[in-house]
file structure39.pdb (PDB, C-alpha atoms)
ATOM      1  CA  MET A   1     120.351  71.864 161.086
ATOM      2  CA  THR A   2     117.987  71.906 158.124
ATOM      3  CA  HIS A   3     114.688  70.051 158.337
ATOM      4  CA  GLN A   4     114.393  67.306 155.734
ATOM      5  CA  PRO A   5     110.747  67.304 154.595
ATOM      6  CA  ILE A   6     108.891  64.020 155.068
ATOM      7  CA  ILE A   7     106.601  62.847 152.285
ATOM      8  CA  ALA A   8     104.021  60.128 152.984
ATOM      9  CA  VAL A   9     103.120  57.917 150.028
ATOM     10  CA  ILE A  10      99.779  56.107 150.294
ATOM     11  CA  ASP A  11      98.925  53.665 147.508
ATOM     12  CA  ASP A  12      97.650  50.097 147.432
ATOM     13  CA  ASP A  13      99.858  49.306 144.408
ATOM     14  CA  GLU A  14     103.297  48.120 145.538
ATOM     15  CA  GLY A  15     104.926  49.055 142.224
ATOM     16  CA  VAL A  16     103.710  52.643 142.564
ATOM     17  CA  ARG A  17     104.970  52.794 146.150
ATOM     18  CA  ILE A  18     108.422  51.533 145.137
ATOM     19  CA  ALA A  19     108.719  53.935 142.184
ATOM     20  CA  LEU A  20     107.571  56.959 144.204
ATOM     21  CA  THR A  21     109.859  56.068 147.103
ATOM     22  CA  SER A  22     112.861  56.021 144.765
ATOM     23  CA  LEU A  23     111.845  59.305 143.136
ATOM     24  CA  ILE A  24     111.178  61.109 146.418
ATOM     25  CA  ARG A  25     114.484  59.988 147.939
ATOM     26  CA  ALA A  26     116.316  61.062 144.768
ATOM     27  CA  LEU A  27     114.719  64.505 145.167
ATOM     28  CA  GLY A  28     116.216  64.743 148.672
ATOM     29  CA  TYR A  29     113.129  64.145 150.795
ATOM     30  CA  ALA A  30     112.487  61.548 153.480
ATOM     31  CA  VAL A  31     109.633  59.170 152.741
ATOM     32  CA  ARG A  32     107.139  57.093 154.699
ATOM     33  CA  VAL A  33     105.195  54.481 152.768
ATOM     34  CA  TYR A  34     101.732  53.050 153.447
ATOM     35  CA  GLY A  35      99.753  50.390 151.594
ATOM     36  CA  SER A  36      96.410  51.900 152.592
ATOM     37  CA  ALA A  37      94.749  54.957 154.083
ATOM     38  CA  ILE A  38      93.907  52.837 157.146
ATOM     39  CA  ASP A  39      97.621  52.054 157.628
ATOM     40  CA  PHE A  40      98.372  55.781 157.497
ATOM     41  CA  LEU A  41      95.658  56.604 160.049
ATOM     42  CA  ASN A  42      96.875  53.826 162.366
ATOM     43  CA  GLU A  43     100.499  54.987 162.223
ATOM     44  CA  SER A  44     101.789  55.712 165.699
ATOM     45  CA  ARG A  45     104.806  57.856 164.753
ATOM     46  CA  SER A  46     104.716  61.303 166.229
ATOM     47  CA  GLY A  47     104.225  64.195 163.890
ATOM     48  CA  ASP A  48     102.492  64.503 160.573
ATOM     49  CA  PRO A  49     104.438  64.371 157.318
ATOM     50  CA  ASP A  50     105.027  67.587 155.412
ATOM     51  CA  CYS A  51     102.996  66.323 152.456
ATOM     52  CA  LEU A  52     100.901  63.337 151.357
ATOM     53  CA  ILE A  53     100.991  61.767 147.924
ATOM     54  CA  CYS A  54      97.880  59.629 147.871
ATOM     55  CA  ASP A  55      95.945  57.436 145.462
ATOM     56  CA  ILE A  56      92.203  58.115 145.198
ATOM     57  CA  GLN A  57      90.970  54.582 144.424
ATOM     58  CA  MET A  58      91.896  52.265 147.310
ATOM     59  CA  PRO A  59      89.994  49.518 149.108
ATOM     60  CA  GLN A  60      88.488  50.143 152.562
ATOM     61  CA  LEU A  61      89.080  53.882 152.595
ATOM     62  CA  SER A  62      89.588  55.988 149.463
ATOM     63  CA  GLY A  63      91.981  58.894 149.237
ATOM     64  CA  ASP A  64      89.183  61.457 149.254
ATOM     65  CA  GLN A  65      87.620  59.768 152.302
ATOM     66  CA  LEU A  66      91.024  59.979 154.010
ATOM     67  CA  GLN A  67      91.155  63.684 153.149
ATOM     68  CA  ALA A  68      87.716  64.195 154.764
ATOM     69  CA  ARG A  69      88.786  62.355 157.923
ATOM     70  CA  LEU A  70      91.977  64.376 158.220
ATOM     71  CA  ILE A  71      90.078  67.641 157.804
ATOM     72  CA  ALA A  72      87.482  66.555 160.400
ATOM     73  CA  ALA A  73      90.333  65.805 162.827
ATOM     74  CA  GLY A  74      91.884  69.240 162.222
ATOM     75  CA  ARG A  75      94.891  67.812 160.359
ATOM     76  CA  LYS A  76      95.414  70.105 157.371
ATOM     77  CA  LEU A  77      98.105  68.354 155.380
ATOM     78  CA  PRO A  78      99.099  69.300 151.849
ATOM     79  CA  ILE A  79      97.908  66.489 149.583
ATOM     80  CA  ILE A  80      98.852  65.584 146.039
ATOM     81  CA  PHE A  81      96.336  63.054 144.762
ATOM     82  CA  MET A  82      96.868  60.524 141.978
ATOM     83  CA  THR A  83      94.227  58.543 140.136
ATOM     84  CA  ALA A  84      93.956  56.138 137.251
ATOM     85  CA  PHE A  85      90.237  56.945 137.007
ATOM     86  CA  PRO A  86      89.955  60.736 136.768
ATOM     87  CA  THR A  87      86.517  62.309 136.845
ATOM     88  CA  ALA A  88      85.610  65.973 136.875
ATOM     89  CA  LEU A  89      83.501  65.477 140.027
ATOM     90  CA  THR A  90      86.308  63.857 142.016
ATOM     91  CA  ARG A  91      88.807  66.431 140.803
ATOM     92  CA  GLN A  92      86.492  69.279 141.814
ATOM     93  CA  ARG A  93      85.683  67.736 145.217
ATOM     94  CA  VAL A  94      89.275  67.123 146.362
ATOM     95  CA  LEU A  95      90.544  70.465 145.096
ATOM     96  CA  ALA A  96      87.650  72.307 146.781
ATOM     97  CA  ALA A  97      88.547  70.522 150.015
ATOM     98  CA  GLY A  98      92.090  71.864 149.783
ATOM     99  CA  ALA A  99      94.153  69.347 147.825
ATOM    100  CA  HIS A 100      97.200  70.868 146.190
ATOM    101  CA  ALA A 101      96.817  68.849 142.978
ATOM    102  CA  ILE A 102      95.277  65.764 141.423
ATOM    103  CA  LEU A 103      97.413  63.979 138.834
ATOM    104  CA  ASP A 104      96.432  61.283 136.368
ATOM    105  CA  LYS A 105      98.235  57.932 136.576
ATOM    106  CA  PRO A 106     100.714  57.038 135.410
ATOM    107  CA  VAL A 107     102.158  60.071 137.133
ATOM    108  CA  ASP A 108     105.070  61.886 135.543
ATOM    109  CA  GLY A 109     108.080  62.196 137.858
ATOM    110  CA  ASP A 110     108.663  65.782 136.754
ATOM    111  CA  ALA A 111     105.104  66.681 137.778
ATOM    112  CA  ILE A 112     105.644  65.187 141.246
ATOM    113  CA  ALA A 113     108.952  67.048 141.585
ATOM    114  CA  HIS A 114     107.319  70.324 140.505
ATOM    115  CA  HIS A 115     104.437  70.026 142.966
ATOM    116  CA  LEU A 116     106.673  69.007 145.873
ATOM    117  CA  GLU A 117     109.002  71.914 145.155
ATOM    118  CA  SER A 118     106.117  74.401 145.039
ATOM    119  CA  LEU A 119     104.660  73.029 148.274
ATOM    120  CA  LEU A 120     107.876  72.705 150.252
ATOM    121  CA  ALA A 121     110.081  75.530 148.983
ATOM    122  CA  PRO A 122     111.233  77.808 151.790
ATOM    123  CA  SER A 123     109.195  80.984 151.868
TER     124      SER A 123
END
call {"tool": "encode", "arguments": {"input": "structure39.pdb", "output": "structure tokens"}}
result
Amino acid sequence: MTHQPIIAVIDDDEGVRIALTSLIRALGYAVRVYGSAIDFLNESRSGDPDCLICDIQMPQLSGDQLQARLIAAGRKLPIIFMTAFPTALTRQRVLAAGAHAILDKPVDGDAIAHHLESLLAPS
């Protein structure tokens, strides 16, 4: 039986969550959706997703703060960040910490598909 990769989408914008959920399912992946980084951290399901697609700018806990917490806890998950407010400093910080990519919003579906394929393709 083949493992269906699980993608976690974390964004405080419901429209973004709905659009990404549809795209990810159409690409053949399973998806878990969270309205905040706190919701993701409080999730009680066993096992980490295969990849996170996460907004940077969110209330309570930003995407880059979530990345730092995951790293501190020893959870090294592939992360594709999205942001409507790109800055060189943020881009440099999240990539240096191990993010796979940081994409400007609105995010192109082909870019998401490309990055997921490169992250999750069988080796």
call {"tool": "atom_distance", "arguments": {"input": "structure39.pdb", "atom1": "CA of Pro78 (chain A)", "atom2": "CA of Ser62 (chain A)"}}
result
16.5 Å
call {"tool": "residues_near_point", "arguments": {"input": "structure39.pdb", "point": "(101.0, 64.3, 165.1)", "cutoff": "12 Å", "atoms": "only C-alpha atoms", "output": "JSON list (two decimals) with C-alpha atoms, keeping the file's coordinate frame"}}
result
[["chain", "number", "residue", "atom", "x", "y", "z"],
["A", 40, "PHE", "CA", 98.37, 55.78, 157.50],
["A", 41, "LEU", "CA", 95.66, 56.60, 160.05],
["A", 42, "ASN", "CA", 96.88, 53.83, 162.37],
["A", 43, "GLU", "CA", 100.50, 54.99, 162.22],
["A", 44, "SER", "CA", 101.79, 55.71, 165.70],
["A", 45, "ARG", "CA", 104.81, 57.86, 164.75],
["A", 46, "SER", "CA", 104.72, 61.30, 166.23],
["A", 47, "GLY", "CA", 104.22, 64.19, 163.89],
["A", 48, "ASP", "CA", 102.49, 64.50, 160.57],
["A", 49, "PRO", "CA", 104.44, 64.37, 157.32],
["A", 50, "ASP", "CA", 105.03, 67.59, 155.41],
["A", 70, "LEU", "CA", 91.98, 64.38, 158.22],
["A", 73, "ALA", "CA", 90.33, 65.81, 162.83],
["A", 74, "GLY", "CA", 91.88, 69.24, 162.22],
["A", 75, "ARG", "CA", 94.89, 67.81, 160.36],
["A", 76, "LYS", "CA", 95.41, 70.10, 157.37],
["A", 77, "LEU", "CA", 98.10, 68.35, 155.38]]
call {"tool": "resolve_selection", "arguments": {"input": "structure39.pdb", "expression": "the PyMOL selection byres ((chain A and resi 22-24) around 12)", "output": "ChimeraX atom specification"}}
result
/A:4-9,15-21,25-33,51-53,107-117
call {"tool": "resolve_selection", "arguments": {"input": "structure39.pdb", "expression": "the PyMOL selection byres ((chain A and resi 88-100) around 9)", "output": "MDAnalysis selection string"}}
result
chainID A and resid 56 64 67:68 71 76:81 86:87 101:102 115 119
call {"tool": "write_last_selection", "arguments": {"input": "structure39.pdb", "atoms": "C-alpha atoms", "output": "PDB file, in the coordinates of the input"}}
result
ATOM      1  CA  ILE A  56      92.203  58.115 145.198  1.00  0.00           C
ATOM      2  CA  ASP A  64      89.183  61.457 149.254  1.00  0.00           C
ATOM      3  CA  GLN A  67      91.155  63.684 153.149  1.00  0.00           C
ATOM      4  CA  ALA A  68      87.716  64.195 154.764  1.00  0.00           C
ATOM      5  CA  ILE A  71      90.078  67.641 157.804  1.00  0.00           C
ATOM      6  CA  LYS A  76      95.414  70.105 157.371  1.00  0.00           C
ATOM      7  CA  LEU A  77      98.105  68.354 155.380  1.00  0.00           C
ATOM      8  CA  PRO A  78      99.099  69.300 151.849  1.00  0.00           C
ATOM      9  CA  ILE A  79      97.908  66.489 149.583  1.00  0.00           C
ATOM     10  CA  ILE A  80      98.852  65.584 146.039  1.00  0.00           C
ATOM     11  CA  PHE A  81      96.336  63.054 144.762  1.00  0.00           C
ATOM     12  CA  PRO A  86      89.955  60.736 136.768  1.00  0.00           C
ATOM     13  CA  THR A  87      86.517  62.309 136.845  1.00  0.00           C
ATOM     14  CA  ALA A 101      96.817  68.849 142.978  1.00  0.00           C
ATOM     15  CA  ILE A 102      95.277  65.764 141.423  1.00  0.00           C
ATOM     16  CA  HIS A 115     104.437  70.026 142.966  1.00  0.00           C
ATOM     17  CA  LEU A 119     104.660  73.029 148.274  1.00  0.00           C
TER      18      LEU A 119
END
call {"tool": "resolve_selection", "arguments": {"input": "structure39.pdb", "expression": "the PyMOL selection byres ((chain A and resi 59) around 9)", "output": "PDB file with C-alpha atoms, in the frame of the given file"}}
result
ATOM      1  CA  ASP A  12      97.650  50.097 147.432  1.00  0.00           C
ATOM      2  CA  SER A  36      96.410  51.900 152.592  1.00  0.00           C
ATOM      3  CA  ALA A  37      94.749  54.957 154.083  1.00  0.00           C
ATOM      4  CA  GLN A  57      90.970  54.582 144.424  1.00  0.00           C
ATOM      5  CA  MET A  58      91.896  52.265 147.310  1.00  0.00           C
ATOM      6  CA  GLN A  60      88.488  50.143 152.562  1.00  0.00           C
ATOM      7  CA  LEU A  61      89.080  53.882 152.595  1.00  0.00           C
ATOM      8  CA  SER A  62      89.588  55.988 149.463  1.00  0.00           C
TER       9      SER A  62
END
